[in-house]
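> Contents of model34.txt (compact mmCIF, C-alpha atoms):
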```
# COMPACT_ATOMS: atom_id res chain seq x y z
CA MET A 1 114.43 86.88 81.32
CA SER A 2 113.03 87.28 77.85
CA ARG A 3 109.80 89.20 77.43
CA VAL A 4 107.39 89.31 74.52
CA LEU A 5 105.80 92.70 73.93
CA VAL A 6 102.99 93.48 71.51
CA VAL A 7 102.48 96.99 70.18
CA THR A 8 98.80 97.18 69.31
CA SER A 9 95.90 99.62 68.94
CA GLY A 10 92.99 98.28 66.94
CA LYS A 11 92.80 101.43 64.85
CA GLY A 12 95.23 102.01 62.00
CA GLY A 13 97.47 105.03 61.60
CA VAL A 14 97.89 105.85 65.29
CA GLY A 15 101.62 105.11 65.36
CA LYS A 16 102.12 101.40 66.10
CA THR A 17 105.01 100.92 63.68
CA THR A 18 106.62 104.24 64.60
CA SER A 19 106.33 103.30 68.28
CA THR A 20 107.66 99.77 67.69
CA ALA A 21 110.73 101.20 65.95
CA ALA A 22 111.31 103.95 68.53
CA LEU A 23 110.78 101.76 71.61
CA GLY A 24 112.82 98.93 70.10
CA ALA A 25 115.75 101.23 69.35
CA ALA A 26 115.52 102.83 72.81
CA LEU A 27 115.54 99.41 74.52
CA ALA A 28 118.52 98.37 72.37
CA GLN A 29 120.31 101.62 73.29
CA SER A 30 119.83 100.70 76.94
CA GLY A 31 121.90 97.58 76.28
CA LYS A 32 119.14 94.99 75.85
CA SER A 33 119.06 92.65 72.88
CA VAL A 34 115.90 93.34 70.90
CA VAL A 35 114.13 91.82 67.93
CA LEU A 36 111.22 93.50 66.15
CA ILE A 37 108.72 91.29 64.30
CA ASP A 38 106.40 92.74 61.69
CA PHE A 39 103.06 90.89 61.82
CA ASP A 40 101.45 92.97 59.10
CA VAL A 41 101.70 90.24 56.46
CA GLY A 42 100.86 91.68 53.04
CA LEU A 43 101.30 95.31 54.15
CA ARG A 44 104.70 95.32 55.77
CA ASN A 45 106.17 98.68 56.72
CA LEU A 46 108.43 98.16 59.72
CA ASP A 47 111.32 97.43 57.31
CA LEU A 48 110.78 100.82 55.69
CA ILE A 49 110.51 102.72 58.99
CA MET A 50 113.72 100.98 60.14
CA GLY A 51 115.50 101.81 56.84
CA ALA A 52 116.05 98.11 56.07
CA GLU A 53 113.71 97.74 53.07
CA ARG A 54 116.53 96.89 50.67
CA ARG A 55 118.01 94.25 52.95
CA VAL A 56 114.96 91.96 53.15
CA VAL A 57 115.74 88.53 51.73
CA TYR A 58 113.61 86.11 53.76
CA ASP A 59 110.62 86.89 55.95
CA LEU A 60 108.44 85.57 58.77
CA ILE A 61 106.32 83.42 56.44
CA ASN A 62 109.44 81.85 54.86
CA VAL A 63 110.57 80.86 58.36
CA ILE A 64 107.12 79.53 59.37
CA GLN A 65 106.93 77.43 56.20
CA GLY A 66 110.47 76.13 56.60
CA ASP A 67 111.81 77.80 53.45
CA ALA A 68 114.42 79.71 55.45
CA LYS A 69 116.11 79.40 58.80
CA LEU A 70 115.32 82.03 61.40
CA ALA A 71 118.94 83.26 61.38
CA GLN A 72 118.73 83.82 57.61
CA ALA A 73 115.62 85.97 57.91
CA LEU A 74 116.79 88.20 60.77
CA ILE A 75 118.16 91.56 59.64
CA ARG A 76 120.64 93.13 62.02
CA ASP A 77 120.35 96.90 62.37
CA LYS A 78 123.32 98.82 60.97
CA ARG A 79 123.26 101.41 63.77
CA LEU A 80 122.65 99.20 66.80
CA GLU A 81 124.21 95.75 66.74
CA ASN A 82 121.88 94.33 69.42
CA LEU A 83 118.75 95.29 67.42
CA SER A 84 117.30 92.92 64.80
CA LEU A 85 114.26 92.86 62.55
CA LEU A 86 112.16 89.98 61.31
CA PRO A 87 110.17 91.39 58.37
CA ALA A 88 106.70 90.34 57.28
CA SER A 89 106.02 88.91 53.86
CA GLN A 90 104.78 91.43 51.32
CA THR A 91 103.40 88.93 48.80
CA ARG A 92 101.37 86.66 51.07
CA ASP A 93 98.30 87.25 53.20
CA LYS A 94 97.60 86.76 56.87
CA ASP A 95 96.23 83.24 56.36
CA ALA A 96 99.85 82.13 55.97
CA LEU A 97 100.30 82.73 59.71
CA THR A 98 99.73 79.50 61.61
CA THR A 99 99.36 79.17 65.36
CA GLU A 100 102.06 76.50 65.62
CA GLY A 101 104.39 78.32 63.23
CA VAL A 102 104.16 81.61 65.13
CA ALA A 103 104.60 79.82 68.48
CA LYS A 104 107.77 78.12 67.24
CA VAL A 105 109.30 81.36 65.94
CA ILE A 106 108.49 83.22 69.18
CA ASP A 107 109.99 80.42 71.29
CA GLN A 108 113.21 80.48 69.27
CA LEU A 109 113.44 84.27 69.55
CA ARG A 110 112.81 84.17 73.31
CA GLU A 111 116.02 82.17 73.65
CA LYS A 112 118.11 84.74 71.81
CA PHE A 113 116.70 88.13 72.80
CA ASP A 114 115.77 90.06 75.95
CA TRP A 115 112.82 91.72 74.18
CA VAL A 116 110.71 90.25 71.39
CA ILE A 117 108.56 93.12 70.10
CA CYS A 118 105.59 92.25 67.90
CA ASP A 119 104.30 95.05 65.68
CA SER A 120 100.60 94.28 65.29
CA PRO A 121 98.61 95.09 62.18
CA ALA A 122 95.49 97.23 62.59
CA GLY A 123 92.17 95.50 63.13
CA ILE A 124 91.21 92.56 65.29
CA GLU A 125 91.60 89.83 62.70
CA ARG A 126 94.12 87.04 62.27
CA GLY A 127 97.30 89.12 62.07
CA ALA A 128 96.43 91.11 65.17
CA THR A 129 95.40 88.06 67.20
CA HIS A 130 98.61 86.21 66.28
CA ALA A 131 100.68 89.26 67.22
CA MET A 132 99.11 89.52 70.69
CA TYR A 133 98.70 85.82 71.52
CA HIS A 134 102.15 85.23 73.05
CA ALA A 135 102.52 88.62 74.70
CA ASP A 136 103.67 89.07 78.28
CA VAL A 137 103.43 92.84 77.93
CA ALA A 138 101.22 95.01 75.71
CA VAL A 139 101.67 98.62 74.69
CA VAL A 140 98.30 100.01 73.60
CA VAL A 141 98.97 102.96 71.29
CA THR A 142 96.14 105.50 71.42
CA ASN A 143 95.55 108.91 69.88
CA PRO A 144 93.49 111.37 71.94
CA GLU A 145 90.57 110.98 69.56
CA VAL A 146 87.23 109.13 69.95
CA SER A 147 87.64 106.34 67.39
CA SER A 148 91.13 105.48 68.57
CA VAL A 149 90.03 105.34 72.23
CA ARG A 150 87.07 103.13 71.38
CA ASP A 151 89.22 100.71 69.38
CA SER A 152 91.81 100.61 72.16
CA ASP A 153 89.08 99.63 74.60
CA ARG A 154 88.16 96.74 72.33
CA ILE A 155 91.81 95.65 72.06
CA ILE A 156 92.17 95.75 75.85
CA GLY A 157 89.19 93.38 76.04
CA LEU A 158 90.92 91.00 73.60
CA LEU A 159 94.20 91.16 75.55
CA ASP A 160 92.21 90.03 78.59
CA SER A 161 90.53 87.13 76.80
CA LYS A 162 92.32 85.96 73.65
CA THR A 163 95.95 85.61 74.71
CA ALA A 164 97.95 82.65 76.02
CA LYS A 165 98.25 84.45 79.37
CA ALA A 166 94.48 84.96 79.58
CA GLU A 167 93.86 81.31 78.75
CA LYS A 168 96.10 80.33 81.67
CA GLY A 169 94.14 82.66 83.95
CA GLU A 170 96.99 85.19 84.04
CA GLN A 171 97.06 88.78 82.85
CA VAL A 172 99.00 90.45 80.07
CA GLU A 173 100.74 93.50 81.56
CA LYS A 174 99.05 96.37 79.74
CA HIS A 175 100.41 99.88 79.22
CA LEU A 176 98.91 102.94 77.58
CA LEU A 177 101.01 105.00 75.19
CA VAL A 178 99.27 108.19 74.07
CA THR A 179 100.71 109.47 70.80
CA ARG A 180 100.22 112.59 68.66
CA TYR A 181 99.31 114.57 71.75
CA ASP A 182 98.90 118.32 71.41
CA ALA A 183 99.04 119.87 74.87
CA GLY A 184 97.88 123.24 73.59
CA ARG A 185 94.75 121.89 72.00
CA ALA A 186 94.04 119.73 75.07
CA ALA A 187 94.37 122.82 77.29
CA ARG A 188 91.89 124.70 75.08
CA GLY A 189 89.37 121.84 75.30
CA GLU A 190 89.80 120.92 71.64
CA MET A 191 91.37 117.52 72.31
CA LEU A 192 90.87 114.80 74.92
CA LYS A 193 93.34 115.22 77.76
CA VAL A 194 95.68 112.41 78.76
CA GLU A 195 93.73 112.23 82.03
CA ASP A 196 90.46 111.69 80.10
CA VAL A 197 91.93 108.84 78.04
CA LEU A 198 93.44 107.28 81.17
CA GLU A 199 90.17 107.48 83.05
CA ILE A 200 88.24 105.89 80.19
CA LEU A 201 90.68 103.07 79.41
CA SER A 202 91.97 102.61 82.99
CA ILE A 203 95.29 100.93 82.24
CA PRO A 204 98.60 102.35 83.53
CA LEU A 205 100.25 105.12 81.52
CA LEU A 206 103.58 104.30 79.89
CA GLY A 207 104.16 107.60 78.14
CA VAL A 208 102.80 110.55 76.22
CA VAL A 209 104.39 111.25 72.85
CA PRO A 210 103.69 114.77 71.65
CA GLU A 211 102.81 115.49 68.03
CA SER A 212 106.21 116.17 66.51
CA GLU A 213 107.68 117.06 63.13
CA GLU A 214 110.60 114.82 63.99
CA VAL A 215 108.42 111.69 63.68
CA LEU A 216 107.72 112.27 59.98
CA ARG A 217 111.34 113.26 59.43
CA ALA A 218 112.44 110.00 61.05
CA SER A 219 110.18 107.96 58.79
CA ASN A 220 111.42 109.89 55.75
CA LEU A 221 114.96 108.95 56.74
CA GLY A 222 114.21 105.34 57.69
CA SER A 223 115.43 105.76 61.22
CA PRO A 224 113.67 105.36 64.59
CA VAL A 225 113.05 108.82 66.03
CA THR A 226 115.03 107.87 69.14
CA LEU A 227 118.11 107.62 66.87
CA SER A 228 117.45 110.35 64.31
CA ALA A 229 116.50 113.08 66.80
CA PRO A 230 117.35 111.79 70.28
CA ASN A 231 116.81 115.18 71.91
CA SER A 232 113.39 115.84 70.45
CA ALA A 233 110.40 115.73 72.78
CA ALA A 234 109.01 112.67 70.97
CA ALA A 235 112.28 110.73 71.27
CA ARG A 236 112.58 111.61 74.96
CA ALA A 237 109.06 110.37 75.56
CA TYR A 238 109.91 107.07 73.86
CA SER A 239 113.19 106.71 75.76
CA ASP A 240 111.40 107.34 79.07
CA ALA A 241 108.77 104.77 78.08
CA ALA A 242 111.51 102.23 77.29
CA ARG A 243 113.06 102.81 80.72
CA ARG A 244 109.70 102.11 82.34
CA LEU A 245 109.37 98.90 80.33
CA ASN A 246 112.74 97.91 81.77
CA GLY A 247 111.23 98.28 85.21
CA GLU A 248 112.40 101.76 86.15
CA LYS A 249 109.83 103.57 88.27
CA SER A 250 109.35 107.19 87.33
CA ASP A 251 106.39 109.47 86.88
CA VAL A 252 105.24 110.07 83.33
CA ILE A 253 105.75 113.66 82.31
CA ILE A 254 102.58 114.87 80.62
CA PRO A 255 103.46 117.59 78.14
CA THR A 256 102.02 120.98 79.00
CA GLU A 257 101.63 123.98 76.81
CA ARG A 258 104.59 126.30 76.82
CA LYS A 259 103.51 129.73 75.77
CA SER A 260 105.47 132.89 75.39
CA PHE A 261 104.18 136.07 76.98
CA LEU A 262 102.87 137.28 73.62
CA GLY A 263 101.32 133.88 72.99
CA LYS A 264 99.48 134.10 76.27
CA LEU A 265 98.33 137.59 75.47
CA PHE A 266 96.96 136.82 72.05
CA GLY A 267 96.34 133.07 72.21
CA SER A 268 98.05 130.74 69.83
CA ARG A 269 95.02 130.51 67.57
CA VAL A 270 95.18 133.09 64.86
CA ALA A 271 91.79 133.36 63.26
CA MET B 1 86.50 132.55 62.20
CA SER B 2 84.43 135.50 63.27
CA LEU B 3 84.90 137.17 66.61
CA LEU B 4 81.48 135.96 67.75
CA ASN B 5 82.34 132.34 66.92
CA PHE B 6 85.61 132.73 68.75
CA PHE B 7 83.87 133.60 71.99
CA THR B 8 80.84 131.32 71.74
CA ARG B 9 82.58 128.16 70.49
CA ARG B 10 82.17 125.44 73.10
CA SER B 11 85.08 123.18 73.70
CA SER B 12 84.53 119.82 72.05
CA ALA B 13 86.76 117.59 74.21
CA PRO B 14 84.21 117.26 77.05
CA VAL B 15 81.63 116.17 74.46
CA ALA B 16 84.05 113.53 73.16
CA ARG B 17 84.71 112.34 76.69
CA GLU B 18 81.03 112.03 77.55
CA ARG B 19 80.16 110.25 74.30
CA LEU B 20 82.96 107.75 74.86
CA GLN B 21 81.96 107.07 78.44
CA ILE B 22 78.38 106.30 77.47
CA LEU B 23 79.33 104.26 74.41
CA LEU B 24 81.98 102.17 76.12
CA ALA B 25 79.77 101.42 79.11
CA HIS B 26 77.32 99.87 76.64
CA GLU B 27 79.92 98.09 74.53
CA ARG B 28 81.67 96.56 77.55
CA ALA B 29 78.35 95.28 78.90
CA ALA B 30 77.47 93.89 75.47
CA THR B 31 80.73 91.95 75.09
CA GLY B 32 80.46 90.61 78.63
CA LYS B 33 76.87 89.65 78.01
CA SER B 34 77.48 87.68 74.84
CA ASP B 35 80.28 85.69 76.47
CA LEU B 36 78.36 84.82 79.63
CA ALA B 37 75.16 84.11 77.73
CA ALA B 38 77.04 81.82 75.33
CA ILE B 39 78.64 79.90 78.20
CA LEU B 40 75.28 79.53 79.98
CA GLN B 41 73.64 78.38 76.78
CA GLU B 42 76.26 75.67 76.23
CA GLU B 43 76.08 74.40 79.79
CA ILE B 44 72.29 74.40 79.95
CA LEU B 45 72.19 72.52 76.66
CA ALA B 46 74.60 69.93 78.01
CA VAL B 47 72.47 69.34 81.12
CA ILE B 48 69.23 68.94 79.17
CA ALA B 49 70.86 66.77 76.51
CA LYS B 50 71.64 64.24 79.25
CA HIS B 51 67.95 63.62 79.72
CA MET B 52 66.31 64.26 76.36
CA ALA B 53 67.04 65.09 72.77
CA ILE B 54 66.53 68.80 72.06
CA ASP B 55 67.17 71.07 69.14
CA ARG B 56 70.19 73.30 69.81
CA ASP B 57 68.51 76.21 68.07
CA LYS B 58 65.51 76.01 70.35
CA VAL B 59 67.35 77.09 73.47
CA GLN B 60 67.55 80.87 73.89
CA VAL B 61 69.50 82.53 76.67
CA LYS B 62 69.05 86.26 77.10
CA LEU B 63 70.86 88.36 79.65
CA ASP B 64 69.75 91.94 80.22
CA ARG B 65 71.84 94.11 82.45
CA GLY B 66 70.06 97.00 84.09
CA ASP B 67 71.11 99.65 86.57
CA SER B 68 69.06 98.38 89.50
CA PHE B 69 68.62 94.71 88.50
CA SER B 70 69.47 92.33 85.70
CA THR B 71 67.36 89.59 84.23
CA LEU B 72 68.32 86.22 82.86
CA GLU B 73 65.76 84.73 80.54
CA ILE B 74 66.05 81.12 79.47
CA ASP B 75 63.65 79.91 76.82
CA ILE B 76 63.74 76.21 75.98
CA GLU B 77 61.43 74.71 73.45
CA MET B 78 61.09 71.02 74.21
CA PRO B 79 60.02 68.34 71.76
CA ALA B 80 56.37 67.31 71.94
CA LEU B 81 55.67 64.25 74.02
CA PRO B 82 54.02 61.32 72.25
CA LYS B 83 50.86 61.83 74.36
CA PRO B 84 48.52 64.34 72.66
CA ALA B 85 47.72 66.02 76.02
CA ALA B 86 51.31 67.12 76.60
CA LYS B 87 52.20 70.79 76.38
CA PRO B 88 54.39 71.43 73.39
CA THR B 89 56.61 73.98 75.13
CA ALA B 90 57.88 74.69 78.62
CA ARG B 91 58.91 78.17 79.56
CA LYS B 92 61.07 79.25 82.37
CA SER B 93 62.10 82.71 83.29
CA ALA B 94 64.44 83.77 86.04
```
What is this structure when it is put down as C-alpha cells?


Amino acid sequence: MSRVLVVTSGKGGVGKTTSTAALGAALAQSGKSVVLIDFDVGLRNLDLIMGAERRVVYDLINVIQGDAKLAQALIRDKRLENLSLLPASQTRDKDALTTEGVAKVIDQLREKFDWVICDSPAGIERGATHAMYHADVAVVVTNPEVSSVRDSDRIIGLLDSKTAKAEKGEQVEKHLLVTRYDAGRAARGEMLKVEDVLEILSIPLLGVVPESEEVLRASNLGSPVTLSAPNSAAARAYSDAARRLNGEKSDVIIPTERKSFLGKLFGSRVA
Amino acid sequence: MSLLNFFTRRSSAPVARERLQILLAHERAATGKSDLAAILQEEILAVIAKHMAIDRDKVQVKLDRGDSFSTLEIDIEMPALPKPAAKPTARKSA
C-alpha cells in the first residue's frame, strides 16, 4: 500500500531536506520504491542535497501545468534505482501550485511508489499547506530549541486541521524526529532534553539524530548521509527511523553522553 | 569564563522548558478559541438571519477560557424597530 509522508517543521533550517534525503534513501535501501518531491517552489534544494542538480530538466510545476509528463520530470537516483526525485521549480513561486494539480500528481505517484515523500518548505503558507494536505504520515523535524519547538507545535495543529485526513475526520499519523541533538549539552542542562520536547509536543518519537559532522559532509558531497556515511551515528538514527516508518517496532535509542575518564574528571567544557 | 561563573551558572534548559510550557498552553487555547468562536458566530448569525436582517459585523462572539470556569459572551446589536419606544440593542451574556 502506498503511503504519502510529509517532512515538515514550520521553522526553517532544522533539517527537513536533509531528513527527507536520508529517510528516503534509507527506505529505498530497505527495498521500497520511493519518490521524493520538493515542494519548496522558488527555493529548491532537495536536488542539490541529492546530488542531482545538474540532471533537472522538468519540474513539479511543469507537470502541474501540463508542459511535461510526470515520467519526464522524475529523476532516478544513480546510486539507488528504486529512489526517484521530483524537483521543484526554481524560477516560479508557490502560487503556481494548484490544489487540483498537486492532487493529480500525488495520485499518479501513489500508483507507482510505496512511499511518496513530500519535502515541505518552511513556514505555514501555500507551499507548506500543499505539501501536508495529502499526507497519511507526517515527520515533524524539531531541534531542541525554543523557537523550533514552538513552530512544531503550530504545525502539529495544522496537521490536525488542514489536511485531507483531518477533513474526513481521520488523523494524520504524526512522528517526532529530533535533529541536531547534543547529548552532552542536554546532560549539562544547556539544551532541552528529548524527554522535554516529547512531553511538550506529545507525539510519538520516531528518532533522535545527533549533531554530526557527517551531515554537512553529506550535503557537501550531494549524497544522503545514510549513503555517504552509513555507519555514522546520524545515519544509523535515520536508518532506525526508516525501519519504524516501515512498521518495525523498536525502542528509540536516545543518544547519551559518552565521556572518557579524563573527560569526566575535568568536564568537557574547557573555559 | 571565570571560575565563579562556572560554578554559579544556572542551567538554561529548564528555563526554556518552562517558558515553552506556559507559551504553548496559551497559544493552543488561543487557536482553539478562534476556531470555536468563529463557528459559533457563523451558526448564530444563520439562526438570527432566518428571522430578521442583521449586520454581520454587529454580532460579536467572545470565548474566554479560565482555569476554574470559562465564559461565552455573545453580543448582538439588532436593528432598531420602527416604533420609537423599542430598545435599539439587545444584550445577552452566557

> Which value, in Å to one decimal, gives the distance between atom CA of B:Leu81 and atom CA of B:Asp57?

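Taking atom CA of B:Leu81 and atom CA of B:Asp57, their separation equals 18.5 Å.
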
> Give me the residues of chain A that have any atom at most 8 Å from an atom of chain B; for each, the nearest atom pair and the distance in Å, rounded to one decimal. Use only C-alpha atoms, sort by chain and number, and format it as CSV.


```
residue,atom,partner,partner_atom,distance
A:Glu145,CA,B:Ala16,CA,7.9
A:Val146,CA,B:Ala16,CA,6.3
A:Val149,CA,B:Leu20,CA,7.9
A:Arg150,CA,B:Leu24,CA,7.0
A:Asp153,CA,B:Leu24,CA,7.7
A:Ala186,CA,B:Ala13,CA,7.6
A:Arg188,CA,B:Ser11,CA,7.1
A:Gly189,CA,B:Ser11,CA,4.8
A:Glu190,CA,B:Ala13,CA,5.2
A:Met191,CA,B:Ala13,CA,5.0
A:Leu192,CA,B:Ala13,CA,5.0
A:Lys193,CA,B:Ala13,CA,7.8
A:Asp196,CA,B:Arg17,CA,6.7
A:Ile200,CA,B:Gln21,CA,6.6
A:Ala271,CA,B:Met1,CA,5.5
```

> Name the closest residue to B:Gln60 among the candidates B:Ala38, B:Ile48, B:Ala80, B:Ala29; distances are taken between atoms, counting all atoms listed in the file.

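Among the listed residues, the smallest separation from B:Gln60 belongs to B:Ala38.
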
> Neighbouring residues of stretch 51-56 of chain B were defined as those with any atom within 12 Å, considering only C-alpha atoms; residues of the same chain fewer than 5 positions away were excluded. Please report them as an NGL selection string.

:B and (41-46 or 61 or 75-81 or 89)

> I'd like the contact shell of stretch 216-227 of chain A - 12 Å cut-off, all atoms listed in the file, skipping same-chain residues fewer than 5 positions apart - returned as a PyMOL selection string.

chain A and resi 15+17-30+45-54+77-80+83+180+209+211+232-242

> At what distance in Å, to one decimal, does atom CA of A:Pro87 lie from atom CA of A:Met1?

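Between atom CA of A:Met1 and atom CA of A:Pro87 the gap is 23.8 Å.
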
> Using only C-alpha atoms, what residues lie at most 10 Å away from (101.9, 119.7, 74.7) (file coordinates), given as a PyMOL selection string?

chain A and resi 180-187+208-212+233+254-258

> Please report the interatomic distance between atom CA of A:Gly66 and atom CA of A:Ala96 in Å with one decimal.

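Atom-to-atom, atom CA of A:Gly66 and atom CA of A:Ala96 are spaced 12.2 Å apart.
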
> Render stretch 8-18 of chain B from the structure in the preceding block as a file of all heavy atoms, as a PDB file, in the first residue's frame.


```
ATOM      1  N   THR B   8      28.447  29.222  39.302  1.00  0.00           N
ATOM      2  CA  THR B   8      27.148  29.820  39.614  1.00  0.00           C
ATOM      3  C   THR B   8      26.177  29.790  38.425  1.00  0.00           C
ATOM      4  O   THR B   8      25.014  30.066  38.588  1.00  0.00           O
ATOM      5  CB  THR B   8      27.300  31.282  40.061  1.00  0.00           C
ATOM      6  OG1 THR B   8      28.009  31.968  39.038  1.00  0.00           O
ATOM      7  CG2 THR B   8      28.028  31.402  41.369  1.00  0.00           C
ATOM      8  N   ARG B   9      26.691  29.461  37.230  1.00  0.00           N
ATOM      9  CA  ARG B   9      25.841  29.488  36.046  1.00  0.00           C
ATOM     10  C   ARG B   9      24.701  28.480  36.190  1.00  0.00           C
ATOM     11  O   ARG B   9      24.945  27.297  36.375  1.00  0.00           O
ATOM     12  CB  ARG B   9      26.672  29.151  34.819  1.00  0.00           C
ATOM     13  CG  ARG B   9      25.994  29.603  33.555  1.00  0.00           C
ATOM     14  CD  ARG B   9      27.005  29.742  32.481  1.00  0.00           C
ATOM     15  NE  ARG B   9      26.945  28.606  31.579  1.00  0.00           N
ATOM     16  CZ  ARG B   9      27.024  28.750  30.260  1.00  0.00           C
ATOM     17  NH1 ARG B   9      27.218  29.939  29.738  1.00  0.00           N
ATOM     18  NH2 ARG B   9      26.975  27.719  29.483  1.00  0.00           N
ATOM     19  N   ARG B  10      23.478  28.994  36.099  1.00  0.00           N
ATOM     20  CA  ARG B  10      22.317  28.092  36.181  1.00  0.00           C
ATOM     21  C   ARG B  10      22.094  27.446  34.830  1.00  0.00           C
ATOM     22  O   ARG B  10      22.343  28.047  33.794  1.00  0.00           O
ATOM     23  CB  ARG B  10      21.072  28.881  36.575  1.00  0.00           C
ATOM     24  CG  ARG B  10      20.904  29.035  38.059  1.00  0.00           C
ATOM     25  CD  ARG B  10      19.553  29.647  38.360  1.00  0.00           C
ATOM     26  NE  ARG B  10      18.455  28.819  37.868  1.00  0.00           N
ATOM     27  CZ  ARG B  10      17.351  29.309  37.329  1.00  0.00           C
ATOM     28  NH1 ARG B  10      17.212  30.594  37.172  1.00  0.00           N
ATOM     29  NH2 ARG B  10      16.395  28.513  36.943  1.00  0.00           N
ATOM     30  N   SER B  11      21.608  26.243  34.851  1.00  0.00           N
ATOM     31  CA  SER B  11      21.348  25.615  33.556  1.00  0.00           C
ATOM     32  C   SER B  11      20.127  26.291  32.924  1.00  0.00           C
ATOM     33  O   SER B  11      19.167  26.654  33.602  1.00  0.00           O
ATOM     34  CB  SER B  11      21.149  24.119  33.721  1.00  0.00           C
ATOM     35  OG  SER B  11      20.146  23.873  34.648  1.00  0.00           O
ATOM     36  N   SER B  12      20.196  26.460  31.622  1.00  0.00           N
ATOM     37  CA  SER B  12      19.168  27.235  30.921  1.00  0.00           C
ATOM     38  C   SER B  12      18.043  26.368  30.368  1.00  0.00           C
ATOM     39  O   SER B  12      16.959  26.869  30.078  1.00  0.00           O
ATOM     40  CB  SER B  12      19.820  28.027  29.782  1.00  0.00           C
ATOM     41  OG  SER B  12      20.508  27.128  28.933  1.00  0.00           O
ATOM     42  N   ALA B  13      18.286  25.067  30.205  1.00  0.00           N
ATOM     43  CA  ALA B  13      17.259  24.206  29.598  1.00  0.00           C
ATOM     44  C   ALA B  13      15.946  24.190  30.395  1.00  0.00           C
ATOM     45  O   ALA B  13      14.878  24.277  29.798  1.00  0.00           O
ATOM     46  CB  ALA B  13      17.799  22.797  29.399  1.00  0.00           C
ATOM     47  N   PRO B  14      15.998  24.117  31.739  1.00  0.00           N
ATOM     48  CA  PRO B  14      14.733  24.150  32.480  1.00  0.00           C
ATOM     49  C   PRO B  14      13.960  25.446  32.269  1.00  0.00           C
ATOM     50  O   PRO B  14      12.723  25.445  32.256  1.00  0.00           O
ATOM     51  CB  PRO B  14      15.170  24.020  33.941  1.00  0.00           C
ATOM     52  CG  PRO B  14      16.507  23.349  33.875  1.00  0.00           C
ATOM     53  CD  PRO B  14      17.146  23.863  32.627  1.00  0.00           C
ATOM     54  N   VAL B  15      14.680  26.553  32.063  1.00  0.00           N
ATOM     55  CA  VAL B  15      14.020  27.832  31.784  1.00  0.00           C
ATOM     56  C   VAL B  15      13.299  27.737  30.439  1.00  0.00           C
ATOM     57  O   VAL B  15      12.139  28.138  30.302  1.00  0.00           O
ATOM     58  CB  VAL B  15      15.049  28.990  31.765  1.00  0.00           C
ATOM     59  CG1 VAL B  15      14.350  30.324  31.527  1.00  0.00           C
ATOM     60  CG2 VAL B  15      15.847  29.026  33.053  1.00  0.00           C
ATOM     61  N   ALA B  16      13.999  27.178  29.448  1.00  0.00           N
ATOM     62  CA  ALA B  16      13.417  27.019  28.109  1.00  0.00           C
ATOM     63  C   ALA B  16      12.146  26.176  28.185  1.00  0.00           C
ATOM     64  O   ALA B  16      11.113  26.515  27.605  1.00  0.00           O
ATOM     65  CB  ALA B  16      14.424  26.355  27.180  1.00  0.00           C
ATOM     66  N   ARG B  17      12.248  25.101  28.940  1.00  0.00           N
ATOM     67  CA  ARG B  17      11.127  24.173  29.076  1.00  0.00           C
ATOM     68  C   ARG B  17       9.908  24.863  29.698  1.00  0.00           C
ATOM     69  O   ARG B  17       8.787  24.758  29.206  1.00  0.00           O
ATOM     70  CB  ARG B  17      11.619  23.016  29.957  1.00  0.00           C
ATOM     71  CG  ARG B  17      10.654  21.931  30.230  1.00  0.00           C
ATOM     72  CD  ARG B  17      11.263  21.077  31.337  1.00  0.00           C
ATOM     73  NE  ARG B  17      10.224  20.586  32.188  1.00  0.00           N
ATOM     74  CZ  ARG B  17       9.773  19.341  32.136  1.00  0.00           C
ATOM     75  NH1 ARG B  17      10.291  18.488  31.289  1.00  0.00           N
ATOM     76  NH2 ARG B  17       8.815  18.955  32.928  1.00  0.00           N
ATOM     77  N   GLU B  18      10.170  25.620  30.765  1.00  0.00           N
ATOM     78  CA  GLU B  18       9.073  26.285  31.457  1.00  0.00           C
ATOM     79  C   GLU B  18       8.429  27.362  30.573  1.00  0.00           C
ATOM     80  O   GLU B  18       7.207  27.478  30.494  1.00  0.00           O
ATOM     81  CB  GLU B  18       9.611  26.901  32.744  1.00  0.00           C
ATOM     82  CG  GLU B  18       8.530  27.177  33.768  1.00  0.00           C
ATOM     83  CD  GLU B  18       9.109  27.870  34.990  1.00  0.00           C
ATOM     84  OE1 GLU B  18      10.206  27.466  35.433  1.00  0.00           O
ATOM     85  OE2 GLU B  18       8.469  28.818  35.480  1.00  0.00           O
TER      86      GLU B  18
END
```
